[in-house]
>>> print(open('coords.cif').read())   # mmCIF, C-alpha atoms
data_model
#
loop_
_atom_site.label_atom_id
_atom_site.label_comp_id
_atom_site.auth_asym_id
_atom_site.auth_seq_id
_atom_site.Cartn_x
_atom_site.Cartn_y
_atom_site.Cartn_z
CA LYS A 1 50.97 28.69 15.50
CA LYS A 2 48.59 26.26 17.07
CA GLU A 3 45.13 26.69 15.59
CA MET A 4 42.46 27.71 18.04
CA GLU A 5 39.53 25.37 18.42
CA PRO A 6 36.29 26.86 17.14
CA LEU A 7 34.09 28.33 19.82
CA VAL A 8 30.97 26.33 20.62
CA TYR A 9 27.99 28.23 21.92
CA GLN A 10 26.76 26.66 25.12
CA PRO A 11 23.82 28.59 26.54
CA GLN A 12 23.76 28.86 30.32
CA TYR A 13 20.04 29.48 30.44
CA GLN A 14 17.12 27.95 28.65
CA MET A 15 16.18 29.99 25.59
CA VAL A 16 12.64 31.35 25.66
CA TYR A 17 10.68 31.09 22.42
CA LYS A 18 7.86 33.57 21.99
CA LYS A 19 4.96 31.84 20.26
CA PRO A 20 3.60 33.82 17.33
CA LYS A 21 -0.05 34.82 17.16
CA ILE A 22 -0.61 34.42 20.88
CA VAL A 23 -1.03 37.11 23.53
CA SER A 24 -0.52 36.63 27.25
CA THR A 25 -3.05 37.64 29.89
CA LYS A 26 -0.41 39.95 31.38
CA THR A 27 -0.12 41.87 28.11
CA ILE A 28 -3.88 42.41 27.99
CA ALA A 29 -3.99 43.41 31.67
CA ARG A 30 -1.26 46.03 31.19
CA SER A 31 -3.32 47.67 28.45
CA LEU A 32 -6.47 47.70 30.60
CA PHE A 33 -5.53 48.24 34.24
CA ILE A 34 -3.51 50.36 36.63
CA GLU A 35 -1.92 48.28 39.37
CA GLU A 36 -2.45 49.18 43.02
CA ARG A 37 0.70 48.32 44.94
CA THR A 38 1.71 48.07 48.57
CA PHE A 39 5.48 48.12 48.62
CA CYS A 40 6.39 45.58 45.91
CA PHE A 41 3.11 43.66 46.04
CA VAL A 42 0.17 44.10 43.69
CA THR A 43 -2.93 44.46 45.85
CA GLY A 44 -5.52 45.44 43.26
CA TYR A 45 -6.33 46.71 39.78
CA TYR A 46 -8.16 49.76 38.51
CA LEU A 47 -9.50 50.13 35.00
CA LYS A 48 -7.59 52.90 33.26
CA PRO A 49 -9.60 56.14 32.88
CA PHE A 50 -10.48 57.16 29.32
CA ILE A 51 -9.16 53.80 28.18
CA LYS A 52 -8.50 53.20 24.53
CA ASN A 53 -7.39 49.61 24.26
CA GLU A 54 -4.74 48.91 21.62
CA PHE A 55 -6.38 45.51 21.12
CA LYS A 56 -9.83 44.71 19.76
CA LEU A 57 -10.91 41.96 22.16
CA ILE A 58 -13.53 39.47 20.96
CA ASP A 59 -15.23 36.73 22.95
CA CYS A 60 -15.96 34.29 20.12
CA THR A 61 -17.15 31.33 22.18
CA MET A 62 -19.34 28.90 20.26
CA GLY A 63 -22.66 27.94 21.82
CA GLY A 64 -25.14 30.51 20.55
CA ASP A 65 -27.48 32.05 23.13
CA SER A 66 -25.89 30.16 26.03
CA ALA A 67 -22.43 31.52 25.27
CA HIS A 68 -23.88 34.99 24.71
CA GLN A 69 -25.54 34.91 28.12
CA SER A 70 -22.27 33.82 29.75
CA PHE A 71 -20.58 36.81 28.09
CA HIS A 72 -23.17 39.14 29.62
CA GLU A 73 -22.34 37.67 33.03
CA THR A 74 -18.54 37.63 32.80
CA SER A 75 -16.20 39.13 30.23
CA ILE A 76 -12.83 40.81 29.85
CA PRO A 77 -13.43 44.59 30.00
CA THR A 78 -13.79 46.32 26.60
CA SER A 79 -14.43 43.04 24.78
CA VAL A 80 -17.36 42.39 22.44
CA PHE A 81 -19.21 39.17 21.66
CA LEU A 82 -19.16 37.40 18.30
CA ASP A 83 -21.86 34.77 17.82
CA THR A 84 -19.60 32.31 16.00
CA THR A 85 -22.16 29.51 15.97
CA ASN A 86 -24.81 31.46 14.09
CA LEU A 87 -22.88 34.16 12.22
CA LEU A 88 -19.70 32.36 11.13
CA CYS A 89 -21.31 29.19 9.84
CA ASP A 90 -22.75 28.41 6.42
CA ARG A 91 -26.30 27.39 7.29
CA THR A 92 -27.03 26.28 3.73
CA SER A 93 -24.74 23.28 4.19
CA LYS A 94 -26.16 19.95 5.33
CA TYR A 95 -23.18 19.46 7.64
CA PRO A 96 -22.66 21.24 10.99
CA ASN A 97 -20.13 24.05 11.54
CA THR A 98 -19.44 24.51 7.84
CA TYR A 99 -16.94 27.25 6.93
CA PRO A 100 -18.66 30.63 6.51
CA THR A 101 -19.00 32.43 3.21
CA LYS A 102 -17.19 35.67 2.46
CA ASP A 103 -20.40 37.67 2.83
CA GLN A 104 -21.05 36.15 6.26
CA VAL A 105 -17.59 37.10 7.51
CA ILE A 106 -17.88 40.64 6.13
CA SER A 107 -21.29 41.13 7.73
CA ALA A 108 -20.27 39.75 11.14
CA MET A 109 -17.06 41.79 11.37
CA GLN A 110 -18.61 45.01 10.04
CA ASP A 111 -21.33 44.77 12.67
CA LEU A 112 -18.60 44.71 15.34
CA GLY A 113 -16.79 47.70 13.82
CA MET A 114 -13.75 45.59 12.92
CA GLU A 115 -11.41 46.38 10.04
CA LEU A 116 -8.94 44.21 8.15
CA ASN A 117 -5.86 45.76 9.77
CA ASP A 118 -7.14 45.94 13.35
CA THR A 119 -5.13 44.22 16.07
CA ILE A 120 -7.67 41.57 17.03
CA VAL A 121 -7.30 39.30 20.06
CA LEU A 122 -9.72 36.39 20.31
CA TYR A 123 -10.63 34.60 23.52
CA SER A 124 -12.96 31.82 24.64
CA GLN A 125 -14.87 31.04 27.80
CA PRO A 126 -13.48 28.25 30.03
CA HIS A 127 -12.60 24.99 28.29
CA ARG A 128 -13.68 26.26 24.86
CA ASP A 129 -10.27 26.88 23.27
CA SER A 130 -11.41 25.46 19.95
CA SER A 131 -13.78 28.42 19.51
CA MET A 132 -11.02 31.01 19.35
CA THR A 133 -8.73 28.81 17.23
CA ARG A 134 -11.61 28.20 14.82
CA VAL A 135 -12.25 31.94 14.42
CA TYR A 136 -8.50 32.56 14.14
CA HIS A 137 -8.40 30.21 11.16
CA ILE A 138 -11.43 31.86 9.56
CA LEU A 139 -10.25 35.45 9.96
CA SER A 140 -6.63 34.85 9.00
CA SER A 141 -7.68 32.77 5.98
CA TYR A 142 -9.97 35.55 4.78
CA GLY A 143 -7.19 38.13 5.02
CA PHE A 144 -7.39 39.83 8.41
CA THR A 145 -3.77 40.79 8.94
CA ASP A 146 -3.25 40.94 12.72
CA VAL A 147 -5.23 38.25 14.54
CA SER A 148 -4.06 36.52 17.72
CA VAL A 149 -5.54 34.37 20.48
CA LEU A 150 -5.40 34.99 24.21
CA ASP A 151 -3.39 32.24 25.84
CA GLY A 152 -5.68 30.47 28.29
CA GLY A 153 -8.68 32.59 27.37
CA LEU A 154 -11.05 33.79 30.07
CA LEU A 155 -10.14 30.97 32.47
CA LYS A 156 -6.46 31.91 32.76
CA PHE A 157 -7.32 35.61 32.79
CA THR A 158 -9.43 35.12 35.93
CA GLN A 159 -7.00 32.63 37.49
CA ASP A 160 -4.24 35.20 37.13
CA GLY A 161 -6.31 37.53 39.33
CA TYR A 162 -7.41 40.09 36.75
CA PRO A 163 -10.85 41.72 37.11
CA THR A 164 -13.74 40.90 34.81
CA ALA A 165 -16.96 42.76 34.11
CA PRO A 166 -20.44 42.01 32.75
CA GLY A 167 -20.22 41.97 28.96
CA VAL A 168 -21.82 44.72 26.91
CA ASP A 169 -22.80 44.15 23.29
CA TYR A 170 -21.22 46.36 20.67
CA SER A 171 -23.40 49.33 19.70
CA GLY A 172 -20.93 51.55 17.87
CA GLU A 173 -20.58 52.40 14.22
CA LYS A 174 -20.20 49.69 11.63
CA SER A 175 -16.98 49.40 9.70
CA VAL A 176 -16.65 49.06 5.95
CA ILE A 177 -14.88 46.00 4.55
CA ALA A 178 -14.73 46.16 0.77
CA ASP A 179 -13.55 42.63 0.08
CA LEU A 180 -11.74 39.63 1.55
CA LYS A 181 -9.18 37.12 0.33
CA ASP A 182 -10.05 33.70 -1.02
CA PRO A 183 -9.56 31.23 1.89
CA SER A 184 -9.22 28.15 -0.34
CA SER A 185 -5.41 28.00 0.03
CA HIS A 186 -5.96 27.24 3.75
CA LEU A 187 -8.54 24.52 3.14
CA ILE A 188 -8.64 21.08 1.53
CA LYS A 189 -11.56 19.23 -0.04
CA MET A 190 -12.89 15.71 0.48
CA ASP A 191 -11.72 14.51 -2.94
CA GLU A 192 -8.14 15.23 -1.95
CA ILE A 193 -8.58 13.34 1.32
CA VAL A 194 -9.94 10.36 -0.62
CA GLU A 195 -6.83 10.44 -2.82
CA PHE A 196 -4.70 10.39 0.34
CA ALA A 197 -6.69 7.42 1.69
CA LEU A 198 -6.07 5.54 -1.56
CA GLY A 199 -2.32 6.16 -1.35
CA LYS A 200 -2.26 8.68 -4.20
CA ARG A 201 -0.83 11.50 -2.09
CA PRO A 202 2.36 10.13 -0.51
CA ASN A 203 3.61 13.63 0.27
CA MET A 204 0.70 14.41 2.59
CA GLN A 205 0.29 13.73 6.31
CA LEU A 206 -3.13 13.90 7.95
CA PHE A 207 -3.66 14.56 11.66
CA ASP A 208 -7.06 13.70 13.13
CA LEU A 209 -7.66 15.71 16.33
CA ARG A 210 -10.62 13.70 17.65
CA ASP A 211 -10.35 11.75 20.89
CA SER A 212 -9.06 8.21 20.50
CA GLU A 213 -12.47 6.60 21.12
CA SER A 214 -14.06 8.52 18.25
CA PHE A 215 -11.07 7.91 16.00
CA ASN A 216 -11.28 4.18 16.67
CA GLY A 217 -14.95 3.87 15.81
CA ARG A 218 -16.65 4.33 19.17
CA ASP A 219 -18.22 7.80 18.89
CA PRO A 220 -21.66 7.78 20.59
CA ASN A 221 -22.72 11.11 19.06
CA LEU A 222 -22.17 10.91 15.34
CA TYR A 223 -24.10 13.11 12.94
CA PRO A 224 -27.10 11.23 11.44
CA GLY A 225 -25.99 9.18 8.44
CA CYS A 226 -22.32 9.30 9.37
CA ARG A 227 -20.56 5.96 10.00
CA GLN A 228 -17.86 5.18 12.53
CA GLY A 229 -14.16 5.12 11.72
CA HIS A 230 -11.32 7.24 10.39
CA VAL A 231 -9.44 8.02 7.19
CA PRO A 232 -6.85 5.35 6.26
CA GLY A 233 -3.38 6.65 7.03
CA ALA A 234 -4.55 9.39 9.40
CA ILE A 235 -2.56 10.00 12.59
CA ASN A 236 -4.59 10.48 15.76
CA ILE A 237 -3.50 13.25 18.14
CA PRO A 238 -6.35 14.35 20.45
CA ALA A 239 -6.76 18.13 20.46
CA ASP A 240 -6.48 18.37 24.23
CA SER A 241 -2.88 17.08 23.96
CA PHE A 242 -1.83 20.64 23.12
CA VAL A 243 -3.68 22.38 25.97
CA ASN A 244 -3.00 22.50 29.70
CA ALA A 245 -6.23 21.36 31.35
CA SER A 246 -5.59 23.39 34.52
CA ASP A 247 -5.81 26.82 32.88
CA ASP A 248 -6.62 26.33 29.17
CA SER A 249 -3.20 27.67 28.16
CA PHE A 250 -1.33 26.16 25.24
CA LYS A 251 1.69 24.01 25.86
CA LYS A 252 5.19 25.31 25.26
CA PHE A 253 7.00 25.28 21.95
CA ASN A 254 9.18 22.27 22.76
CA GLU A 255 6.22 20.32 24.18
CA ILE A 256 4.14 20.90 21.05
CA LEU A 257 7.03 19.89 18.83
CA GLU A 258 7.64 16.73 20.87
CA ILE A 259 3.97 15.74 20.61
CA PHE A 260 3.98 15.98 16.82
CA GLU A 261 7.30 14.22 16.43
CA ALA A 262 6.32 11.46 18.86
CA HIS A 263 3.48 10.70 16.46
CA GLY A 264 5.79 10.50 13.47
CA ALA A 265 5.34 13.97 11.97
CA ASP A 266 7.30 14.43 8.75
CA TRP A 267 7.86 18.14 8.17
CA THR A 268 8.74 17.61 4.52
CA LYS A 269 5.13 16.64 3.78
CA GLN A 270 1.99 18.70 3.24
CA THR A 271 0.24 18.82 6.62
CA VAL A 272 -3.55 18.61 6.94
CA VAL A 273 -5.68 18.64 10.10
CA MET A 274 -9.21 17.34 10.60
CA CYS A 275 -11.55 16.28 13.41
CA LYS A 276 -15.29 15.62 13.63
CA THR A 277 -16.70 18.88 12.25
CA GLY A 278 -13.63 21.05 11.60
CA VAL A 279 -13.62 22.88 14.95
CA SER A 280 -11.25 21.10 17.35
CA ALA A 281 -8.93 20.45 14.39
CA THR A 282 -8.06 24.14 14.52
CA ILE A 283 -6.37 23.58 17.89
CA GLY A 284 -3.91 21.37 16.01
CA TYR A 285 -3.68 24.02 13.30
CA MET A 286 -2.90 26.65 15.94
CA ALA A 287 -0.28 24.38 17.49
CA LEU A 288 1.40 24.20 14.09
CA VAL A 289 1.31 28.00 13.90
CA PHE A 290 2.99 28.16 17.30
CA ILE A 291 5.94 26.08 16.09
CA ASP A 292 6.26 28.23 12.96
CA HIS A 293 5.06 25.56 10.57
CA VAL A 294 3.57 26.95 7.37
CA GLY A 295 1.41 25.75 4.50
CA MET A 296 -0.88 23.49 6.56
CA LYS A 297 -4.52 23.09 5.63
CA LEU A 298 -7.81 22.37 7.38
CA TYR A 299 -10.23 19.72 6.14
CA ASP A 300 -13.33 21.64 7.14
CA GLY A 301 -15.89 18.91 6.41
CA SER A 302 -13.79 16.54 8.51
CA TRP A 303 -15.16 13.13 9.54
CA THR A 304 -18.82 14.21 9.43
CA GLU A 305 -18.59 14.84 5.69
CA TYR A 306 -16.11 12.06 4.95
CA GLY A 307 -17.97 9.42 6.97
CA SER A 308 -21.31 10.39 5.39
CA ASN A 309 -20.09 9.61 1.89
CA ASP A 310 -18.92 6.49 0.06
CA THR A 311 -15.25 6.84 0.96
CA PRO A 312 -12.53 4.37 2.05
CA SER A 313 -12.30 4.16 5.83
CA TYR A 314 -10.83 2.23 8.77
CA GLN A 315 -12.49 1.28 12.00
CA LEU A 316 -11.00 -0.24 15.13
CA ALA A 317 -13.37 -2.39 17.18
CA PRO A 318 -13.14 -5.23 19.71
CA ALA A 319 -11.79 -8.46 18.27
CA ALA A 320 -14.33 -10.87 16.84
CA PRO A 321 -14.87 -14.23 18.58
CA PHE A 322 -13.99 -16.23 15.48
CA ALA A 323 -10.49 -17.03 14.21
CA PRO A 324 -9.12 -14.89 11.35
CA VAL A 325 -9.02 -16.43 7.91
CA ALA A 326 -5.82 -17.06 6.00
CA PRO A 327 -4.35 -14.14 4.04
CA PHE A 328 -6.06 -13.45 0.72
CA ALA A 329 -8.58 -16.27 1.28
CA PRO A 330 -12.11 -15.27 0.27
CA VAL A 331 -14.77 -15.70 2.89
CA ALA A 332 -18.54 -15.62 2.78
CA PRO A 333 -20.28 -12.35 3.53
CA PHE A 334 -21.01 -11.74 7.21
CA SER A 335 -24.31 -13.03 8.51
CA SER A 336 -26.51 -10.42 10.11
CA SER A 337 -26.90 -12.72 13.10
CA ALA A 338 -23.16 -13.32 13.50
CA GLN A 339 -21.20 -11.19 15.94
CA SER A 340 -18.51 -9.28 14.03
CA VAL A 341 -16.43 -6.17 14.22
CA ALA A 342 -18.02 -4.55 11.18
CA PRO A 343 -21.43 -2.92 11.16
CA MET A 344 -22.16 -4.35 7.69
CA ALA A 345 -20.77 -6.82 5.17
CA GLN A 346 -17.98 -6.19 2.68
CA TYR A 347 -15.19 -5.33 5.09
CA VAL A 348 -11.52 -6.28 5.15
CA LEU A 349 -10.36 -7.42 8.60
CA ILE A 350 -6.77 -6.93 9.71
CA PRO A 351 -5.73 -8.13 13.20
CA GLN A 352 -3.92 -5.53 15.30
CA GLY A 353 -3.16 -6.72 18.81
CA ASP A 354 -6.45 -7.22 20.62
CA TYR A 355 -8.35 -5.44 17.87
CA TYR A 356 -9.15 -5.72 14.21
CA ILE A 357 -8.96 -2.97 11.66
CA ALA A 358 -12.09 -3.12 9.55
CA ILE A 359 -11.67 -1.63 6.08
CA LYS A 360 -14.59 -1.23 3.77
CA ASN A 361 -13.88 -3.03 0.52
CA HIS A 362 -15.25 -1.38 -2.62
CA LYS A 363 -13.71 -3.54 -5.34
CA ASP A 364 -14.32 -7.19 -4.51
CA ALA A 365 -17.38 -9.28 -3.85
CA TYR A 366 -16.00 -10.63 -0.59
CA PRO A 367 -13.78 -9.31 2.19
CA PHE A 368 -10.20 -10.51 2.16
CA TYR A 369 -6.94 -9.84 3.96
CA LYS A 370 -4.45 -7.22 2.85
CA GLN A 371 -0.95 -6.74 4.20
#
>>> encode(input="coords.cif", output="C-alpha cells")
Amino acid sequence: KKEMEPLVYQPQYQMVYKKPKIVSTKTIARSLFIEERTFCFVTGYYLKPFIKNEFKLIDCTMGGDSAHQSFHETSIPTSVFLDTTNLLCDRTSKYPNTYPTKDQVISAMQDLGMELNDTIVLYSQPHRDSSMTRVYHILSSYGFTDVSVLDGGLLKFTQDGYPTAPGVDYSGEKSVIADLKDPSSHLIKMDEIVEFALGKRPNMQLFDLRDSESFNGRDPNLYPGCRQGHVPGAINIPADSFVNASDDSFKKFNEILEIFEAHGADWTKQTVVMCKTGVSATIGYMALVFIDHVGMKLYDGSWTEYGSNDTPSYQLAPAAPFAPVAPFAPVAPFSSSAQSVAPMAQYVLIPQGDYYIAIKNHKDAYPFYKQ
C-alpha cells in the first residue's frame, strides 16, 4: 500500500498566547462592575453591591506624596496605595532606589493587610509602568506567590471606559507575615558585572534598558559622582520599546520576542537587565517573564552604582577633530585644553562610524588602540 504522507498542522487562525503574570482591564472590570446594557450595547457600569474583589489591587506608583495625592484623586475602586518610593527602598544606601530589605517589605505589606498567598494585582498611574514592574520584581523575589500587573495600568483602564473613584487609604487590620524568601537568586552584584565587562563571563548577556542617549554617554541627569557611559558588552534596548505609548499596555508576545532577537539575544546565556537605578530595567525583566524566559536577574545598583566606582566602561561621544593614531601606537596623555571625546585622560579610543568608543584604560600609562 502507498504510505500516507504525514499530516502537517496548518493553523487557519493566529494562535493567541496568554501572557503570564498579567491581568487585563476587562478581567478587573468584570470582578468590580455590573454592566448596564441597552440591547447588545454596554451603556454604563455599576459597582457591584457588597463587593468582595477576588484581587487585591495596589496602586504602587513611585513618586511619594505626589503619587499619593494622585491616587486620592483617581483610582481603581477597591485599590489601596503603596508608597513604593519611601517604603520599598533601602534608605541606608548611598544610591537611589536601592532594593528594600526583608523587614521593609514585611512592614509595608502587613500595613496593607496583604498575605503571601493573596492574589495581588499591581497597577501604575499613567506612563509609570516601571513602578508596577519594579514592585512585581520585589514581591515575587521575596516569595509572594501570586503577583501580577495590570496591563496598561490606570491609563488603559480609563481609556477602556471603566469608572474610577477617589482613592481611599487602607485602614483595615494588619496581616501577619512570618518570614520571606531570600531574593538574592533574582539579583546580581556589581562584582559579577565587572567580570562580564572584562570578558570573564562569556555565558552572560546584559541588557541595558536606558534610553540610547544615556547609554551612549549623554545623560544630563546623572547621580552626583557618577560618570557617563555603559558597561562593555551591554546591549541597549530602551525600556519603552516594550510598551505601547498610546495606552501603556505591553506589546504582544511575538513583538517582545522579535525585539530581543533583533538585538542579538542568545537564550542559552544567563540574562541580566540593568538601567540607571534598577527601576526601568524591570520593564525588560517583565518582558522576559511575558515570553516565559526564566532565570534572569536584575542588577539593582545599575549604572548609578557601576558608574560611581572604578569599573571598566565604554562611552560613545562625538568624533574628535584630530585624526586617530595608528593601532597600538602609544600617544601622549590628553591635554586639558584639547578638545577630545573623553572627559579625562587615560582612555582608549576606537572609531565607530561618526563616533568614537572611549574606554577607560586601567593597565597602561597611555591610551592605545584595541581591536
>>> residues_around(input="coords.cif", residues="His186 of chain A", least_positions_apart="4", cutoff="8 Å", atoms="all atoms listed in the file", output="PyMOL selection string")
chain A and resi 141+295-298
>>> closest_residue(input="coords.cif", among="A:Gly199, A:Glu261, A:Met286, A:Gly229", to="Phe242 of chain A", atoms="only C-alpha atoms")
A:Met286
>>> residues_near_point(input="coords.cif", point="(-14.2, 6.4, 15.6)", cutoff="8 Å", atoms="only C-alpha atoms", output="ChimeraX atom specification")
/A:212-219,228-230,315-316
>>> closest_atom_pairs(input="coords.cif", of="segment 90-151 of chain A", to="segment 60-67 of chain A", cutoff="9 Å", atoms="only C-alpha atoms", output="CSV")
residue,atom,partner,partner_atom,distance
A:Leu122,CA,A:Cys60,CA,6.6
A:Tyr123,CA,A:Cys60,CA,6.3
A:Ser124,CA,A:Thr61,CA,4.9
A:Gln125,CA,A:Thr61,CA,6.1
A:Arg128,CA,A:Thr61,CA,6.7
A:Asp129,CA,A:Thr61,CA,8.3
A:Ser130,CA,A:Thr61,CA,8.5
A:Ser131,CA,A:Thr61,CA,5.2
A:Met132,CA,A:Cys60,CA,6.0
A:Val135,CA,A:Cys60,CA,7.2
>>> residues_around(input="coords.cif", residues="Phe250 of chain A", least_positions_apart="4", cutoff="12 Å", atoms="all atoms listed in the file", output="PyMOL selection string")
chain A and resi 19+21-24+127+129-130+133+149-153+156+239-246+254-256+283-284+286-291
>>> write_last_selection(input="coords.cif", atoms="C-alpha atoms", output="PDB file, in the frame of the given file")
ATOM      1  CA  LYS A  19       4.960  31.840  20.260  1.00  0.00           C
ATOM      2  CA  LYS A  21      -0.050  34.820  17.160  1.00  0.00           C
ATOM      3  CA  ILE A  22      -0.610  34.420  20.880  1.00  0.00           C
ATOM      4  CA  VAL A  23      -1.030  37.110  23.530  1.00  0.00           C
ATOM      5  CA  SER A  24      -0.520  36.630  27.250  1.00  0.00           C
ATOM      6  CA  HIS A 127     -12.600  24.990  28.290  1.00  0.00           C
ATOM      7  CA  ASP A 129     -10.270  26.880  23.270  1.00  0.00           C
ATOM      8  CA  SER A 130     -11.410  25.460  19.950  1.00  0.00           C
ATOM      9  CA  THR A 133      -8.730  28.810  17.230  1.00  0.00           C
ATOM     10  CA  VAL A 149      -5.540  34.370  20.480  1.00  0.00           C
ATOM     11  CA  LEU A 150      -5.400  34.990  24.210  1.00  0.00           C
ATOM     12  CA  ASP A 151      -3.390  32.240  25.840  1.00  0.00           C
ATOM     13  CA  GLY A 152      -5.680  30.470  28.290  1.00  0.00           C
ATOM     14  CA  GLY A 153      -8.680  32.590  27.370  1.00  0.00           C
ATOM     15  CA  LYS A 156      -6.460  31.910  32.760  1.00  0.00           C
ATOM     16  CA  ALA A 239      -6.760  18.130  20.460  1.00  0.00           C
ATOM     17  CA  ASP A 240      -6.480  18.370  24.230  1.00  0.00           C
ATOM     18  CA  SER A 241      -2.880  17.080  23.960  1.00  0.00           C
ATOM     19  CA  PHE A 242      -1.830  20.640  23.120  1.00  0.00           C
ATOM     20  CA  VAL A 243      -3.680  22.380  25.970  1.00  0.00           C
ATOM     21  CA  ASN A 244      -3.000  22.500  29.700  1.00  0.00           C
ATOM     22  CA  ALA A 245      -6.230  21.360  31.350  1.00  0.00           C
ATOM     23  CA  SER A 246      -5.590  23.390  34.520  1.00  0.00           C
ATOM     24  CA  ASN A 254       9.180  22.270  22.760  1.00  0.00           C
ATOM     25  CA  GLU A 255       6.220  20.320  24.180  1.00  0.00           C
ATOM     26  CA  ILE A 256       4.140  20.900  21.050  1.00  0.00           C
ATOM     27  CA  ILE A 283      -6.370  23.580  17.890  1.00  0.00           C
ATOM     28  CA  GLY A 284      -3.910  21.370  16.010  1.00  0.00           C
ATOM     29  CA  MET A 286      -2.900  26.650  15.940  1.00  0.00           C
ATOM     30  CA  ALA A 287      -0.280  24.380  17.490  1.00  0.00           C
ATOM     31  CA  LEU A 288       1.400  24.200  14.090  1.00  0.00           C
ATOM     32  CA  VAL A 289       1.310  28.000  13.900  1.00  0.00           C
ATOM     33  CA  PHE A 290       2.990  28.160  17.300  1.00  0.00           C
ATOM     34  CA  ILE A 291       5.940  26.080  16.090  1.00  0.00           C
TER      35      ILE A 291
END
>>> atom_distance(input="coords.cif", atom1="atom CA of Gly264 of chain A", atom2="atom CA of Leu187 of chain A")
22.6 Å
>>> residues_around(input="coords.cif", residues="Gly307 of chain A", least_positions_apart="5", cutoff="9 Å", atoms="only C-alpha atoms", output="list of chain:residue names")
A:Gly225, A:Cys226, A:Arg227, A:Gln228, A:Gly229, A:His230, A:Val231, A:Ser302, A:Pro312, A:Ser313
>>> build_atoms(input="coords.cif", residues="segment 186-204 of chain A", atoms="N, CA and C atoms", output="PDB file, in the frame of the given file")
ATOM      1  N   HIS A 186      -6.086  27.725   2.359  1.00  0.00           N
ATOM      2  CA  HIS A 186      -5.960  27.240   3.750  1.00  0.00           C
ATOM      3  C   HIS A 186      -6.870  26.043   4.020  1.00  0.00           C
ATOM      4  N   LEU A 187      -7.583  25.598   2.978  1.00  0.00           N
ATOM      5  CA  LEU A 187      -8.540  24.520   3.140  1.00  0.00           C
ATOM      6  C   LEU A 187      -8.250  23.398   2.139  1.00  0.00           C
ATOM      7  N   ILE A 188      -8.793  22.217   2.431  1.00  0.00           N
ATOM      8  CA  ILE A 188      -8.640  21.080   1.530  1.00  0.00           C
ATOM      9  C   ILE A 188      -9.992  20.391   1.395  1.00  0.00           C
ATOM     10  N   LYS A 189     -10.252  19.823   0.240  1.00  0.00           N
ATOM     11  CA  LYS A 189     -11.560  19.230  -0.040  1.00  0.00           C
ATOM     12  C   LYS A 189     -11.543  17.713   0.156  1.00  0.00           C
ATOM     13  N   MET A 190     -12.748  17.140   0.232  1.00  0.00           N
ATOM     14  CA  MET A 190     -12.890  15.710   0.480  1.00  0.00           C
ATOM     15  C   MET A 190     -12.230  14.863  -0.607  1.00  0.00           C
ATOM     16  N   ASP A 191     -12.322  15.280  -1.857  1.00  0.00           N
ATOM     17  CA  ASP A 191     -11.720  14.510  -2.940  1.00  0.00           C
ATOM     18  C   ASP A 191     -10.223  14.306  -2.732  1.00  0.00           C
ATOM     19  N   GLU A 192      -9.572  15.328  -2.203  1.00  0.00           N
ATOM     20  CA  GLU A 192      -8.140  15.230  -1.950  1.00  0.00           C
ATOM     21  C   GLU A 192      -7.845  14.290  -0.789  1.00  0.00           C
ATOM     22  N   ILE A 193      -8.746  14.270   0.197  1.00  0.00           N
ATOM     23  CA  ILE A 193      -8.580  13.340   1.320  1.00  0.00           C
ATOM     24  C   ILE A 193      -8.789  11.903   0.844  1.00  0.00           C
ATOM     25  N   VAL A 194      -9.722  11.694  -0.049  1.00  0.00           N
ATOM     26  CA  VAL A 194      -9.940  10.360  -0.620  1.00  0.00           C
ATOM     27  C   VAL A 194      -8.683   9.899  -1.364  1.00  0.00           C
ATOM     28  N   GLU A 195      -8.070  10.783  -2.116  1.00  0.00           N
ATOM     29  CA  GLU A 195      -6.830  10.440  -2.820  1.00  0.00           C
ATOM     30  C   GLU A 195      -5.743  10.037  -1.826  1.00  0.00           C
ATOM     31  N   PHE A 196      -5.659  10.753  -0.710  1.00  0.00           N
ATOM     32  CA  PHE A 196      -4.700  10.390   0.340  1.00  0.00           C
ATOM     33  C   PHE A 196      -5.005   8.999   0.881  1.00  0.00           C
ATOM     34  N   ALA A 197      -6.289   8.721   1.149  1.00  0.00           N
ATOM     35  CA  ALA A 197      -6.690   7.420   1.690  1.00  0.00           C
ATOM     36  C   ALA A 197      -6.352   6.278   0.741  1.00  0.00           C
ATOM     37  N   LEU A 198      -6.378   6.558  -0.544  1.00  0.00           N
ATOM     38  CA  LEU A 198      -6.070   5.540  -1.560  1.00  0.00           C
ATOM     39  C   LEU A 198      -4.582   5.459  -1.876  1.00  0.00           C
ATOM     40  N   GLY A 199      -3.768   6.213  -1.153  1.00  0.00           N
ATOM     41  CA  GLY A 199      -2.320   6.160  -1.350  1.00  0.00           C
ATOM     42  C   GLY A 199      -1.815   6.978  -2.519  1.00  0.00           C
ATOM     43  N   LYS A 200      -2.639   7.886  -3.030  1.00  0.00           N
ATOM     44  CA  LYS A 200      -2.260   8.680  -4.200  1.00  0.00           C
ATOM     45  C   LYS A 200      -1.617  10.013  -3.826  1.00  0.00           C
ATOM     46  N   ARG A 201      -1.475  10.268  -2.540  1.00  0.00           N
ATOM     47  CA  ARG A 201      -0.830  11.500  -2.090  1.00  0.00           C
ATOM     48  C   ARG A 201       0.226  11.156  -1.028  1.00  0.00           C
ATOM     49  N   PRO A 202       1.336  10.551  -1.465  1.00  0.00           N
ATOM     50  CA  PRO A 202       2.360  10.130  -0.510  1.00  0.00           C
ATOM     51  C   PRO A 202       3.055  11.282   0.197  1.00  0.00           C
ATOM     52  N   ASN A 203       2.942  12.481  -0.334  1.00  0.00           N
ATOM     53  CA  ASN A 203       3.610  13.630   0.270  1.00  0.00           C
ATOM     54  C   ASN A 203       2.678  14.424   1.187  1.00  0.00           C
ATOM     55  N   MET A 204       1.628  13.771   1.653  1.00  0.00           N
ATOM     56  CA  MET A 204       0.700  14.410   2.590  1.00  0.00           C
ATOM     57  C   MET A 204       0.675  13.633   3.901  1.00  0.00           C
TER      58      MET A 204
END
